[in-house]
Amino acid sequence: MPSTMKKPFNYVEIAAVTAAVKRARTGQPAQIGPDPALHSQDAELHWVEAVLRHRLLLRSLNRPVSIRAKDDDTHPLVADGQHFPAVALSIPFADKTLTFLASYDDRRRLVFDLLAPCERCGAPVPTEEINSLEDLGDYLLQARDTLGGSPRLRTSPAHAAGCLARGD
């Protein structure tokens, strides 16, 4: 394992790493089924939280996992869209907080990106697309052959002016 890994992991990270290792060994991702349905536009933040909870299999941990959801006024919900904000979701732990950005990709699929400081400007930007517990485990293990980055990294409006990581 790379020396850049943080130890010890919290219980969500342990489950993520275990799932990533299992996927790497078997070649099979966990079967999670379809995302929960949106029942009301008034409950959109709760729905996005439910989808993240579902994709990360958080209910299967048999422990409470707190998620805070709020509108992200920096990033658009849809690429090139300015009318609706994306959703920022935070999972707090004693030693850190995992923060995700929920938005729609070019194919209009709800996707989650892990927000982390830009390597060039330090602004919190989408760095890695995380849509399953295994994806989170790959990120934590820094399994470079399985990480694809986030397509929204270069287009994030959160970058500082003149940041070279931003592609215009």
# chains A, B, ... in the order shown; residues from 1 in each chain; ligands from 1
$ closest_atom_pairs --of "range 56-109 of chain A" --to "range 126-149 of chain A" --cutoff "8 Å" --atoms "only C-alpha atoms" --output "Markdown table"
| residue | atom | partner | partner_atom | distance |
| --- | --- | --- | --- | --- |
| A:Leu56 | CA | A:Leu133 | CA | 4.4 |
| A:Leu57 | CA | A:Leu133 | CA | 6.6 |
| A:Phe100 | CA | A:Pro126 | CA | 7.9 |
| A:Leu101 | CA | A:Pro126 | CA | 7.0 |
$ select_by_dssp --residues "range 3-163 of chain A" --states "strand (DSSP E)" --output "VMD selection string"
chain A and resid 68 to 76 85 to 92 97 to 104 110 to 117 124 to 129
$ atom_distance --atom1 "CA of Ala30 in chain A" --atom2 "CA of Trp47 in chain A"
21.3 Å
$ atom_distance --atom1 "CA of Pro34 in chain A" --atom2 "CA of Val48 in chain A"
13.5 Å
$ residues_around --residues "Lys96 in chain A" --least-positions-apart "5" --cutoff "12 Å" --atoms "only C-alpha atoms" --output "PyMOL selection string"
chain A and resi 6+9-10+13+90-91+116
$ residues_around --residues "Arg107 in chain A" --least-positions-apart "3" --cutoff "12 Å" --atoms "only C-alpha atoms" --output "ChimeraX atom specification"
/A:78-79,103-104,110-111
$ write_last_selection --atoms "N, CA and C atoms" --output "compact mmCIF listing (two decimals), in the first residue's frame"
# COMPACT_ATOMS: atom_id res chain seq x y z
N VAL A 78 -26.33 21.51 -13.71
CA VAL A 78 -26.14 20.97 -15.05
C VAL A 78 -25.00 21.75 -15.71
N ALA A 79 -24.11 21.05 -16.40
CA ALA A 79 -22.99 21.73 -17.08
C ALA A 79 -23.53 22.86 -17.95
N SER A 103 -24.13 16.63 -9.14
CA SER A 103 -24.55 17.38 -10.32
C SER A 103 -24.86 16.38 -11.42
N TYR A 104 -25.30 16.88 -12.56
CA TYR A 104 -25.61 16.01 -13.68
C TYR A 104 -24.48 16.07 -14.70
N LEU A 110 -27.13 11.70 -12.63
CA LEU A 110 -26.69 12.28 -11.37
C LEU A 110 -25.37 11.62 -11.00
N VAL A 111 -24.33 12.42 -10.80
CA VAL A 111 -23.01 11.92 -10.44
C VAL A 111 -22.52 12.64 -9.20
$ atom_distance --atom1 "CA of Thr74 in chain A" --atom2 "CA of Arg53 in chain A"
23.1 Å
$ residues_around --residues "Asp35 in chain A" --least-positions-apart "6" --cutoff "9 Å" --atoms "only C-alpha atoms" --output "PyMOL selection string"
chain A and resi 50-52+54-55
$ write_last_selection --atoms "N, CA and C atoms" --output "mmCIF file, in the first residue's frame"
data_model
loop_
_atom_site.group_PDB
_atom_site.id
_atom_site.type_symbol
_atom_site.label_atom_id
_atom_site.label_comp_id
_atom_site.auth_asym_id
_atom_site.auth_seq_id
_atom_site.Cartn_x
_atom_site.Cartn_y
_atom_site.Cartn_z
ATOM 1 N N ALA A 50 -30.327 10.705 -0.233
ATOM 2 C CA ALA A 50 -30.723 9.293 -0.280
ATOM 3 C C ALA A 50 -29.982 8.544 -1.389
ATOM 4 N N VAL A 51 -29.767 9.190 -2.529
ATOM 5 C CA VAL A 51 -29.035 8.548 -3.627
ATOM 6 C C VAL A 51 -27.583 8.310 -3.211
ATOM 7 N N LEU A 52 -26.935 9.293 -2.582
ATOM 8 C CA LEU A 52 -25.553 9.099 -2.129
ATOM 9 C C LEU A 52 -25.489 7.972 -1.091
ATOM 10 N N HIS A 54 -27.476 5.500 -0.821
ATOM 11 C CA HIS A 54 -27.735 4.244 -1.544
ATOM 12 C C HIS A 54 -26.481 3.786 -2.302
ATOM 13 N N ARG A 55 -25.859 4.686 -3.060
ATOM 14 C CA ARG A 55 -24.709 4.297 -3.880
ATOM 15 C C ARG A 55 -23.496 3.915 -3.040
#
$ residues_around --residues "Pro117 in chain A" --least-positions-apart "2" --cutoff "12 Å" --atoms "only C-alpha atoms" --output "list of chain:residue names"
A:Thr99, A:Leu114, A:Leu115, A:Glu119, A:Arg120, A:Cys121, A:Gly122, A:Ala123, A:Pro124, A:Val125, A:Pro126, A:Thr127, A:Glu128, A:Leu153, A:Ser156, A:Ala158, A:His159, A:Ala160, A:Ala165
$ write_last_selection --atoms "N, CA, C and O atoms" --output "CSV table (one decimal), in the first residue's frame"
chain,number,residue,atom,x,y,z
A,99,THR,N,-16.5,15.6,1.5
A,99,THR,CA,-17.5,16.5,0.9
A,99,THR,C,-17.6,16.1,-0.6
A,99,THR,O,-16.6,16.0,-1.3
A,114,LEU,N,-16.0,13.9,-5.4
A,114,LEU,CA,-15.3,14.3,-4.2
A,114,LEU,C,-14.7,15.6,-4.3
A,114,LEU,O,-14.0,15.9,-5.3
A,115,LEU,N,-15.0,16.6,-3.4
A,115,LEU,CA,-14.4,17.9,-3.4
A,115,LEU,C,-13.1,17.8,-2.6
A,115,LEU,O,-13.1,17.3,-1.5
A,119,GLU,N,-4.8,21.2,-6.8
A,119,GLU,CA,-3.4,21.1,-6.6
A,119,GLU,C,-2.6,22.4,-7.0
A,119,GLU,O,-1.5,22.6,-6.5
A,120,ARG,N,-3.3,23.2,-7.8
A,120,ARG,CA,-2.6,24.5,-8.2
A,120,ARG,C,-3.1,25.7,-7.4
A,120,ARG,O,-2.3,26.5,-7.1
A,121,CYS,N,-4.4,25.8,-7.2
A,121,CYS,CA,-4.9,27.1,-6.6
A,121,CYS,C,-5.4,26.9,-5.2
A,121,CYS,O,-5.7,27.8,-4.5
A,122,GLY,N,-5.7,25.6,-4.8
A,122,GLY,CA,-6.1,25.3,-3.4
A,122,GLY,C,-7.6,25.4,-3.2
A,122,GLY,O,-8.1,25.1,-2.1
A,123,ALA,N,-8.4,25.8,-4.2
A,123,ALA,CA,-9.8,26.0,-4.1
A,123,ALA,C,-10.5,24.6,-4.1
A,123,ALA,O,-10.0,23.6,-4.7
A,124,PRO,N,-11.6,24.4,-3.3
A,124,PRO,CA,-12.3,23.1,-3.3
A,124,PRO,C,-13.0,22.9,-4.6
A,124,PRO,O,-13.9,23.6,-5.0
A,125,VAL,N,-12.5,21.9,-5.4
A,125,VAL,CA,-13.0,21.6,-6.7
A,125,VAL,C,-13.3,20.1,-6.8
A,125,VAL,O,-12.8,19.3,-6.1
A,126,PRO,N,-14.2,19.7,-7.8
A,126,PRO,CA,-14.4,18.3,-8.0
A,126,PRO,C,-13.2,17.6,-8.5
A,126,PRO,O,-12.6,17.9,-9.6
A,127,THR,N,-12.6,16.6,-7.7
A,127,THR,CA,-11.4,16.0,-8.1
A,127,THR,C,-11.5,14.6,-8.6
A,127,THR,O,-10.7,14.1,-9.4
A,128,GLU,N,-12.5,13.8,-8.0
A,128,GLU,CA,-12.6,12.4,-8.4
A,128,GLU,C,-14.1,12.1,-8.4
A,128,GLU,O,-14.8,12.4,-7.5
A,153,LEU,N,-13.5,18.7,-13.1
A,153,LEU,CA,-12.4,19.4,-12.5
A,153,LEU,C,-12.0,20.7,-13.3
A,153,LEU,O,-11.8,21.8,-12.7
A,156,SER,N,-14.7,23.6,-13.3
A,156,SER,CA,-15.2,24.1,-12.0
A,156,SER,C,-15.0,25.7,-11.9
A,156,SER,O,-13.9,26.2,-12.0
A,158,ALA,N,-15.0,27.2,-9.2
A,158,ALA,CA,-14.4,27.5,-7.9
A,158,ALA,C,-12.9,27.8,-8.0
A,158,ALA,O,-12.3,28.3,-7.1
A,159,HIS,N,-12.3,27.4,-9.2
A,159,HIS,CA,-10.9,27.7,-9.3
A,159,HIS,C,-10.6,29.2,-9.2
A,159,HIS,O,-11.4,30.0,-9.5
A,160,ALA,N,-9.4,29.5,-8.7
A,160,ALA,CA,-9.0,30.9,-8.6
A,160,ALA,C,-8.8,31.5,-10.0
A,160,ALA,O,-8.5,30.7,-10.9
A,165,ALA,N,-5.2,24.9,-13.8
A,165,ALA,CA,-5.9,23.6,-13.8
A,165,ALA,C,-7.3,23.8,-14.5
A,165,ALA,O,-7.9,22.8,-15.0
$ closest_residue --among "A:Asp95, A:Glu44, A:Asp71, A:Glu49" --to "Phe112 in chain A" --atoms "only C-alpha atoms"
A:Glu49
$ closest_residue --among "A:Arg154, A:Arg23, A:Arg166, A:His75" --to "Val87 in chain A" --atoms "only C-alpha atoms"
A:His75
$ residues_around --residues "Pro64 in chain A" --least-positions-apart "2" --cutoff "12 Å" --atoms "only C-alpha atoms" --output "PyMOL selection string"
chain A and resi 11-12+53+58-62+66-67+91-93
$ write_last_selection --atoms "N, CA, C and O atoms" --output "tab-separated table (two decimals), in the first residue's frame"
chain	number	residue	atom	x	y	z
A	11	TYR	N	-14.92	3.95	10.01
A	11	TYR	CA	-15.69	2.78	9.60
A	11	TYR	C	-16.23	2.88	8.17
A	11	TYR	O	-16.34	1.85	7.49
A	12	VAL	N	-16.54	4.06	7.67
A	12	VAL	CA	-16.98	4.19	6.28
A	12	VAL	C	-15.80	3.93	5.35
A	12	VAL	O	-15.93	3.22	4.35
A	53	ARG	N	-26.41	7.99	-0.15
A	53	ARG	CA	-26.47	6.95	0.88
A	53	ARG	C	-26.63	5.57	0.22
A	53	ARG	O	-25.99	4.60	0.62
A	58	LEU	N	-24.40	2.97	2.54
A	58	LEU	CA	-24.20	3.39	3.92
A	58	LEU	C	-25.16	2.71	4.90
A	58	LEU	O	-24.81	2.49	6.05
A	59	ARG	N	-26.35	2.35	4.46
A	59	ARG	CA	-27.29	1.66	5.35
A	59	ARG	C	-26.77	0.28	5.74
A	59	ARG	O	-27.08	-0.23	6.81
A	60	SER	N	-25.96	-0.33	4.88
A	60	SER	CA	-25.45	-1.68	5.16
A	60	SER	C	-24.40	-1.69	6.26
A	60	SER	O	-24.03	-2.75	6.75
A	61	LEU	N	-23.91	-0.53	6.67
A	61	LEU	CA	-22.87	-0.46	7.70
A	61	LEU	C	-23.44	-0.67	9.10
A	61	LEU	O	-22.68	-0.85	10.05
A	62	ASN	N	-24.76	-0.61	9.21
A	62	ASN	CA	-25.44	-0.80	10.50
A	62	ASN	C	-24.95	0.17	11.57
A	62	ASN	O	-24.89	-0.16	12.75
A	66	SER	N	-24.11	10.40	9.34
A	66	SER	CA	-24.73	11.70	9.16
A	66	SER	C	-24.28	12.30	7.82
A	66	SER	O	-23.10	12.26	7.48
A	67	ILE	N	-25.25	12.82	7.08
A	67	ILE	CA	-24.94	13.53	5.83
A	67	ILE	C	-25.65	14.87	5.88
A	67	ILE	O	-26.85	14.94	6.16
A	91	ILE	N	-20.07	14.44	4.80
A	91	ILE	CA	-20.13	13.35	5.77
A	91	ILE	C	-19.04	13.63	6.80
A	91	ILE	O	-17.86	13.44	6.52
A	92	PRO	N	-19.43	14.15	7.98
A	92	PRO	CA	-18.43	14.51	8.99
A	92	PRO	C	-17.96	13.31	9.82
A	92	PRO	O	-18.75	12.43	10.15
A	93	PHE	N	-16.68	13.31	10.11
A	93	PHE	CA	-16.07	12.33	11.01
A	93	PHE	C	-15.24	13.11	12.02
A	93	PHE	O	-15.04	14.31	11.88
$ select_by_dssp --residues "range 3-167 of chain A" --states "helix (DSSP H, G or I)" --output "NGL selection string"
:A and (11-26 or 41-55 or 58-61 or 133-141)
